[in-house]
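data33.cif (mmCIF, C-alpha atoms) appears below.
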```
data_run
#
loop_
_atom_site.label_atom_id
_atom_site.label_comp_id
_atom_site.auth_asym_id
_atom_site.auth_seq_id
_atom_site.Cartn_x
_atom_site.Cartn_y
_atom_site.Cartn_z
CA MET A 1 -144.69 13.38 104.79
CA PHE A 2 -141.38 13.88 102.96
CA ALA A 3 -140.47 16.72 105.30
CA CYS A 4 -141.17 14.41 108.23
CA LEU A 5 -138.92 11.68 106.81
CA LYS A 6 -136.18 14.17 106.08
CA GLY A 7 -136.42 15.51 109.61
CA LYS A 8 -136.23 12.00 111.06
CA ARG A 9 -133.16 11.15 108.99
CA HIS A 10 -131.49 14.38 110.07
CA GLU A 11 -132.28 13.55 113.71
CA ASN A 12 -130.72 10.09 113.30
CA ASN A 13 -127.62 11.61 111.75
CA GLN A 14 -127.26 13.99 114.68
CA THR A 15 -127.64 11.09 117.11
CA PHE A 16 -124.86 9.17 115.36
CA PHE A 17 -122.73 12.31 115.28
CA ARG A 18 -123.07 12.87 119.04
CA LYS A 19 -122.31 9.22 119.85
CA ASN A 20 -119.42 8.88 117.41
CA GLY A 21 -118.05 12.34 118.10
CA GLY A 22 -117.88 11.85 121.86
CA ALA A 23 -116.23 8.45 121.64
CA LEU A 24 -113.81 9.58 118.94
CA LEU A 25 -112.81 12.63 120.95
CA GLU A 26 -112.10 10.47 124.00
CA GLU A 27 -109.96 8.16 121.86
CA LEU A 28 -108.09 11.07 120.32
CA VAL A 29 -107.41 12.84 123.61
CA ALA A 30 -106.20 9.59 125.22
CA PHE A 31 -103.86 8.83 122.33
CA CYS A 32 -102.41 12.36 122.28
CA ASP A 33 -101.99 12.49 126.09
CA GLY A 34 -104.36 15.43 126.33
CA ARG A 35 -103.19 17.27 123.21
CA SER A 36 -105.95 16.84 120.66
CA ASN A 37 -105.63 17.30 116.89
CA PRO A 38 -108.83 18.77 115.34
CA ILE A 39 -110.29 16.66 112.53
CA ARG A 40 -112.49 18.22 109.87
CA HIS A 41 -115.91 16.72 109.26
CA PHE A 42 -118.12 16.15 106.22
CA SER A 43 -121.77 15.10 106.21
CA ALA A 44 -123.14 11.67 105.33
CA GLU A 45 -125.00 13.18 102.37
CA GLU A 46 -121.79 14.66 100.95
CA LEU A 47 -120.08 11.27 101.03
CA LEU A 48 -123.07 9.57 99.41
CA ARG A 49 -122.84 11.95 96.48
CA ALA A 50 -119.05 11.72 96.39
CA THR A 51 -119.14 7.93 95.90
CA ASN A 52 -122.21 7.80 93.67
CA TYR A 53 -124.12 6.37 96.63
CA TYR A 54 -121.38 3.83 97.34
CA ALA A 55 -121.62 2.21 93.92
CA ASN A 56 -119.94 -1.18 93.58
CA ASN A 57 -117.85 -0.02 90.63
CA GLN A 58 -116.26 2.60 92.91
CA ILE A 59 -114.75 -0.04 95.25
CA ILE A 60 -110.92 -0.12 95.25
CA VAL A 61 -110.20 -2.27 98.32
CA GLN A 62 -112.55 -4.86 99.83
CA ASP A 63 -111.40 -5.88 103.29
CA ALA A 64 -112.99 -7.98 106.03
CA GLY A 65 -113.95 -4.86 108.00
CA TYR A 66 -114.27 -2.07 105.47
CA LEU A 67 -114.59 -1.02 101.84
CA LEU A 68 -112.42 1.67 100.26
CA TYR A 69 -114.21 3.66 97.55
CA GLU A 70 -112.90 6.00 94.90
CA GLY A 71 -114.88 9.24 94.78
CA SER A 72 -114.92 12.96 94.08
CA LEU A 73 -115.61 15.69 96.63
CA LYS A 74 -115.84 19.33 95.59
CA GLU A 75 -114.22 18.38 92.26
CA ARG A 76 -111.32 16.75 94.08
CA PRO A 77 -110.58 13.00 93.71
CA ILE A 78 -110.68 11.22 97.06
CA PHE A 79 -110.90 7.83 98.75
CA VAL A 80 -113.70 7.07 101.22
CA LYS A 81 -113.37 4.22 103.72
CA LYS A 82 -116.70 2.83 104.86
CA TYR A 83 -116.56 0.46 107.82
CA ALA A 84 -118.73 -2.63 108.20
CA VAL A 85 -122.06 -2.11 109.95
CA ASP A 86 -122.99 -4.76 112.52
CA SER A 87 -124.59 -4.98 115.93
CA SER A 88 -121.30 -5.05 117.83
CA CYS A 89 -119.06 -2.14 118.75
CA LEU A 90 -115.94 -3.91 117.45
CA TRP A 91 -115.73 -2.26 114.03
CA LYS A 92 -116.65 1.10 115.51
CA HIS A 93 -113.67 0.84 117.85
CA PHE A 94 -111.43 -0.01 114.89
CA ALA A 95 -112.78 2.98 112.96
CA TYR A 96 -112.05 5.35 115.85
CA ARG A 97 -108.51 4.02 116.16
CA ASP A 98 -108.03 4.24 112.40
CA ILE A 99 -109.05 7.91 112.34
CA VAL A 100 -106.99 8.85 115.39
CA ILE A 101 -103.72 7.16 114.47
CA GLY A 102 -104.16 7.66 110.73
CA SER A 103 -104.51 11.42 111.25
CA GLN A 104 -101.43 11.48 113.49
CA MET A 105 -99.45 9.50 110.89
CA SER A 106 -100.61 11.56 107.91
CA ALA A 107 -97.46 13.67 107.92
CA HIS A 108 -95.44 10.64 106.87
CA LYS A 109 -94.95 10.30 103.11
CA ASN A 110 -95.75 6.57 103.20
CA VAL A 111 -99.15 6.92 104.85
CA LEU A 112 -102.39 7.72 103.02
CA LYS A 113 -103.29 11.19 104.24
CA VAL A 114 -106.54 11.62 106.21
CA ILE A 115 -108.45 14.67 104.97
CA VAL A 116 -111.74 14.53 106.88
CA CYS A 117 -114.05 12.09 108.60
CA CYS A 118 -117.81 11.63 108.77
CA LEU A 119 -119.46 10.95 112.13
CA GLU A 120 -123.09 11.05 110.97
CA THR A 121 -123.25 7.36 110.05
CA LYS A 122 -123.59 4.33 112.33
CA GLN A 123 -119.89 3.58 111.84
CA PRO A 124 -117.58 6.56 111.24
CA SER A 125 -116.22 6.96 107.70
CA ILE A 126 -112.82 8.33 106.67
CA VAL A 127 -111.91 10.51 103.68
CA TYR A 128 -108.36 10.30 102.30
CA GLU A 129 -106.34 12.04 99.65
CA PHE A 130 -106.35 10.30 96.28
CA THR A 131 -102.93 8.91 95.33
CA GLY A 132 -103.63 6.17 92.79
CA LYS A 133 -105.53 2.90 92.72
CA GLN A 134 -102.76 0.30 92.53
CA ILE A 135 -102.76 -2.24 95.39
CA LEU A 136 -99.37 -3.74 96.23
CA SER A 137 -100.70 -7.29 96.63
CA ASN A 138 -102.23 -7.17 93.14
CA LEU A 139 -99.08 -5.82 91.49
CA ILE A 140 -96.75 -8.48 92.92
CA SER A 141 -99.25 -11.34 92.58
CA ALA A 142 -98.06 -14.28 90.50
CA THR A 143 -101.27 -13.99 88.48
CA ASN A 144 -100.38 -10.46 87.34
CA THR A 145 -98.70 -10.61 83.93
CA GLU A 146 -99.26 -7.03 82.81
CA SER A 147 -97.02 -4.75 84.91
CA VAL A 148 -94.50 -6.64 87.02
CA LEU A 149 -92.67 -4.59 89.65
CA PRO A 150 -88.89 -4.93 89.22
CA TRP A 151 -86.73 -6.00 92.14
CA LYS A 152 -85.19 -2.55 92.75
CA CYS A 153 -88.68 -1.06 92.98
CA ARG A 154 -89.71 -3.74 95.48
CA LEU A 155 -86.63 -3.03 97.58
CA ARG A 156 -87.42 0.69 97.61
CA ILE A 157 -90.99 -0.09 98.69
CA ALA A 158 -89.65 -2.27 101.51
CA VAL A 159 -87.34 0.51 102.75
CA ASP A 160 -90.16 3.08 102.65
CA LEU A 161 -92.50 0.81 104.60
CA ALA A 162 -89.78 0.04 107.15
CA ASN A 163 -89.43 3.78 107.73
CA ALA A 164 -93.19 4.16 108.23
CA VAL A 165 -93.33 1.32 110.76
CA THR A 166 -90.29 2.71 112.60
CA TYR A 167 -92.02 6.09 112.76
CA LEU A 168 -95.10 4.44 114.25
CA HIS A 169 -92.95 2.76 116.90
CA THR A 170 -90.91 5.83 117.86
CA ALA A 171 -92.65 9.12 116.98
CA PHE A 172 -95.23 9.21 119.75
CA SER A 173 -95.09 9.38 123.53
CA ARG A 174 -96.02 5.70 123.63
CA PRO A 175 -94.89 3.10 121.04
CA VAL A 176 -97.70 1.99 118.73
CA VAL A 177 -97.88 -1.56 117.37
CA HIS A 178 -99.55 -1.82 113.96
CA ARG A 179 -100.18 -5.63 114.05
CA ASP A 180 -101.73 -5.72 110.56
CA ILE A 181 -98.87 -5.09 108.12
CA ARG A 182 -99.65 -6.78 104.79
CA CYS A 183 -99.44 -6.10 101.08
CA SER A 184 -103.21 -5.92 100.61
CA SER A 185 -103.45 -2.83 102.85
CA ILE A 186 -100.85 -0.84 100.93
CA LEU A 187 -101.60 1.40 97.95
CA LEU A 188 -99.00 2.63 95.47
CA ASP A 189 -99.10 6.11 93.98
CA HIS A 190 -98.18 6.95 90.37
CA ASN A 191 -94.47 6.77 91.27
CA ASN A 192 -94.87 3.43 93.07
CA VAL A 193 -94.46 5.09 96.47
CA PRO A 194 -96.24 2.88 99.06
CA LYS A 195 -99.03 4.25 101.26
CA LEU A 196 -100.30 2.48 104.39
CA ILE A 197 -104.09 2.74 104.51
CA ASP A 198 -105.22 0.90 107.63
CA PHE A 199 -104.47 1.57 111.32
CA GLY A 200 -107.61 0.02 112.78
CA LEU A 201 -105.85 -2.75 114.71
CA CYS A 202 -103.13 -0.49 116.13
CA ILE A 203 -102.58 -0.48 119.87
CA SER A 204 -100.25 1.63 122.03
CA ILE A 205 -97.95 0.22 124.69
CA PRO A 206 -98.53 1.87 128.09
CA GLN A 207 -95.87 4.29 129.32
CA GLY A 208 -93.02 2.52 131.04
CA GLN A 209 -94.16 -0.95 129.92
CA SER A 210 -92.40 -3.28 127.48
CA HIS A 211 -95.60 -4.83 126.14
CA VAL A 212 -99.37 -4.70 126.18
CA GLU A 213 -101.76 -7.61 126.63
CA ASP A 214 -104.70 -7.73 124.24
CA ALA A 215 -106.94 -10.07 122.29
CA VAL A 216 -105.17 -11.98 119.52
CA LEU A 217 -106.04 -10.11 116.34
CA GLY A 218 -104.42 -10.25 112.94
CA ARG A 219 -104.31 -12.12 109.64
CA MET A 220 -103.43 -15.74 109.09
CA GLY A 221 -99.82 -16.01 107.97
CA TYR A 222 -98.80 -12.59 109.33
CA LEU A 223 -99.47 -13.13 113.03
CA ALA A 224 -96.37 -13.28 115.21
CA PRO A 225 -96.28 -16.70 116.96
CA GLU A 226 -95.42 -15.25 120.37
CA HIS A 227 -98.50 -13.00 120.26
CA ALA A 228 -100.72 -15.89 119.20
CA ILE A 229 -99.46 -17.96 122.12
CA SER A 230 -99.28 -15.39 124.94
CA SER A 231 -101.51 -12.50 123.73
CA TYR A 232 -98.63 -10.16 124.69
CA LEU A 233 -97.83 -7.53 122.07
CA LYS A 234 -94.47 -5.84 121.49
CA GLU A 235 -93.06 -3.89 118.57
CA LYS A 236 -91.41 -7.17 117.54
CA ALA A 237 -94.81 -8.40 116.37
CA ASP A 238 -94.59 -5.84 113.56
CA VAL A 239 -91.06 -6.97 112.77
CA TYR A 240 -92.39 -10.49 112.19
CA SER A 241 -95.23 -9.24 109.97
CA PHE A 242 -92.81 -7.05 108.05
CA GLY A 243 -90.60 -10.09 107.46
CA ILE A 244 -93.57 -11.89 105.94
CA LEU A 245 -94.23 -8.85 103.75
CA LEU A 246 -90.61 -9.01 102.55
CA LEU A 247 -91.16 -12.66 101.68
CA GLU A 248 -94.19 -11.65 99.61
CA LEU A 249 -92.20 -8.96 97.81
CA LEU A 250 -89.50 -11.52 97.05
CA SER A 251 -91.75 -14.37 95.94
CA GLY A 252 -94.89 -12.70 94.57
CA ARG A 253 -96.93 -15.24 96.51
CA ARG A 254 -99.04 -15.21 99.65
CA PRO A 255 -97.18 -16.32 102.78
CA THR A 256 -99.34 -19.44 103.14
CA ASP A 257 -98.33 -20.48 99.60
CA VAL A 258 -94.60 -20.33 100.22
CA ILE A 259 -93.10 -23.56 101.60
CA MET A 260 -89.80 -23.04 103.39
CA VAL A 261 -87.36 -25.81 104.34
CA ASN A 262 -86.62 -25.49 108.05
CA ASN A 263 -83.88 -28.08 108.60
CA VAL A 264 -81.11 -26.28 106.71
CA PRO A 265 -77.96 -25.61 108.81
CA HIS A 266 -77.79 -21.95 109.80
CA ASP A 267 -74.14 -21.64 108.79
CA ASP A 268 -74.61 -23.08 105.30
CA ASP A 269 -74.96 -20.01 103.08
CA GLN A 270 -74.98 -22.00 99.85
CA HIS A 271 -78.01 -24.03 100.93
CA ARG A 272 -79.82 -20.88 101.97
CA VAL A 273 -79.12 -19.28 98.59
CA GLU A 274 -80.55 -22.35 96.88
CA ILE A 275 -83.69 -22.16 99.00
CA PHE A 276 -84.20 -18.48 98.32
CA SER A 277 -83.59 -19.07 94.62
CA LYS A 278 -86.59 -21.41 94.59
CA VAL A 279 -88.72 -18.83 96.38
CA VAL A 280 -87.79 -15.81 94.24
CA ASP A 281 -90.46 -14.57 91.84
CA PRO A 282 -89.35 -15.94 88.42
CA ARG A 283 -90.54 -12.73 86.73
CA ILE A 284 -87.88 -10.58 88.39
CA SER A 285 -84.11 -10.55 88.05
CA ILE A 286 -81.96 -10.78 91.17
CA GLU A 287 -78.19 -11.26 91.24
CA GLU A 288 -77.00 -14.14 93.41
CA GLU A 289 -74.95 -11.77 95.60
CA GLN A 290 -78.16 -10.06 96.68
CA LEU A 291 -79.41 -13.32 98.18
CA GLN A 292 -76.39 -13.76 100.43
CA VAL A 293 -77.37 -13.58 104.11
#
```
Serialized structure, structure tokens:
Amino acid sequence: MFACLKGKRHENNQTFFRKNGGALLEELVAFCDGRSNPIRHFSAEELLRATNYYANNQIIVQDAGYLLYEGSLKERPIFVKKYAVDSSCLWKHFAYRDIVIGSQMSAHKNVLKVIVCCLETKQPSIVYEFTGKQILSNLISATNTESVLPWKCRLRIAVDLANAVTYLHTAFSRPVVHRDIRCSSILLDHNNVPKLIDFGLCISIPQGQSHVEDAVLGRMGYLAPEHAISSYLKEKADVYSFGILLLELLSGRRPTDVIMVNNVPHDDDQHRVEIFSKVVDPRISIEEEQLQV
């Protein structure tokens, strides 16, 4: 009986592998314009053991579409991203895109490096290098009183992330729009170097086009207004989201919690400095000259 059950489970794993592998390969080849990048593969059983069977105390990031687990594989610390399992193909599509673009971006120092993937589960899983468990949104949160990131460190993080987003926009044959830039999807390593961990919502702009039309996807507070209105996506959508991220780094608060005064004259620098002074995280020290626009 046990042999029968084991055989059935193995058969199911192979079915998932064939379905996921074929679709992932199509996605990868399309993104690379016919030049594929081989991705190593681990089994579902290996990832179960690596994460202590996906124990709750191993969870590092809990997102709407996935969980990021800390684990150990072949005596090497790792992260395992397990996507949500539902009846639709939506999360599966996001997982494919995450693997494809994440693997292409792994050479960048501000992206969490993809090591392997697992195609034997209903939704593909991703294995990353282990860099540290600090989440940017937690470190800058106003509720965090233990280890406050100084302003110079936040500025360096902003510059690093700007470089990563620029690379995404310019390094490939077609520009790629991230459309989900936010502090809660960024890990920091032991030296506070930021690492982007999620490329599931990315979409490429067709060759020769200035934009792509797609469903309105994104997070409340980060979504570019022009995309929400027209469903057209340009690289500028990431510029808007990055601006919101800068506001978070400056204030230590979520974008929906920051109230900005909109009727200040654009040429009145003193008023703008006063506004920013009210927004600045009181736990950090910023010289007034740094707030000049």
Under the rule of at most 12 Å, produce a per-residue listing of segment 175-257 of chain A near segment 48-62 of chain A: chain, number, name, the closest pair of atoms, and the distance in Å, as CSV, using only C-alpha atoms.
```
residue,atom,partner,partner_atom,distance
A:Cys183,CA,A:Val61,CA,11.8
A:Ser184,CA,A:Val61,CA,8.2
A:Ser185,CA,A:Val61,CA,8.1
A:Ile186,CA,A:Val61,CA,9.8
A:Leu187,CA,A:Val61,CA,9.4
A:Ile197,CA,A:Val61,CA,10.0
A:Asp198,CA,A:Val61,CA,11.0
```
Pick from A:Ile229, A:Val148, A:Ile284, A:Ala164 nearest to Ala107 of chain A, counting only C-alpha atoms:
A:Ala164
Distance atom CA of Gln134 of chain A-atom CA of Ala224 of chain A, one decimal place?
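Taking atom CA of Gln134 of chain A as the start and atom CA of Ala224 of chain A as the end point, the length is 27.2 Å.
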List the neighbours of Arg253 of chain A out to 9 Å using only C-alpha atoms; skip same-chain residues closer than 6 positions along the sequence, and give me the result as an NGL selection string.
:A and (137 or 140-142 or 247 or 279 or 281)
Selection from above, C-alpha atoms, as a PDB file, in the frame of the given file, can you write it?
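Saved to result-v3.pdb:
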```pdb
ATOM      1  CA  SER A 137    -100.700  -7.290  96.630  1.00  0.00           C
ATOM      2  CA  ILE A 140     -96.750  -8.480  92.920  1.00  0.00           C
ATOM      3  CA  SER A 141     -99.250 -11.340  92.580  1.00  0.00           C
ATOM      4  CA  ALA A 142     -98.060 -14.280  90.500  1.00  0.00           C
ATOM      5  CA  LEU A 247     -91.160 -12.660 101.680  1.00  0.00           C
ATOM      6  CA  VAL A 279     -88.720 -18.830  96.380  1.00  0.00           C
ATOM      7  CA  ASP A 281     -90.460 -14.570  91.840  1.00  0.00           C
TER       8      ASP A 281
END
```
For Ser231 of chain A, list every protein, DNA or RNA residue within 12 Å, evaluated using only C-alpha atoms, and leave out those in the same chain fewer than 6 positions away; present the list as a PDB file with C-alpha atoms, keeping the file's coordinate frame.
```pdb
ATOM      1  CA  ARG A 179    -100.180  -5.630 114.050  1.00  0.00           C
ATOM      2  CA  HIS A 211     -95.600  -4.830 126.140  1.00  0.00           C
ATOM      3  CA  VAL A 212     -99.370  -4.700 126.180  1.00  0.00           C
ATOM      4  CA  GLU A 213    -101.760  -7.610 126.630  1.00  0.00           C
ATOM      5  CA  ASP A 214    -104.700  -7.730 124.240  1.00  0.00           C
ATOM      6  CA  ALA A 215    -106.940 -10.070 122.290  1.00  0.00           C
ATOM      7  CA  VAL A 216    -105.170 -11.980 119.520  1.00  0.00           C
ATOM      8  CA  LEU A 217    -106.040 -10.110 116.340  1.00  0.00           C
ATOM      9  CA  GLY A 218    -104.420 -10.250 112.940  1.00  0.00           C
ATOM     10  CA  LEU A 223     -99.470 -13.130 113.030  1.00  0.00           C
ATOM     11  CA  ALA A 224     -96.370 -13.280 115.210  1.00  0.00           C
ATOM     12  CA  PRO A 225     -96.280 -16.700 116.960  1.00  0.00           C
ATOM     13  CA  ALA A 237     -94.810  -8.400 116.370  1.00  0.00           C
TER      14      ALA A 237
END
```
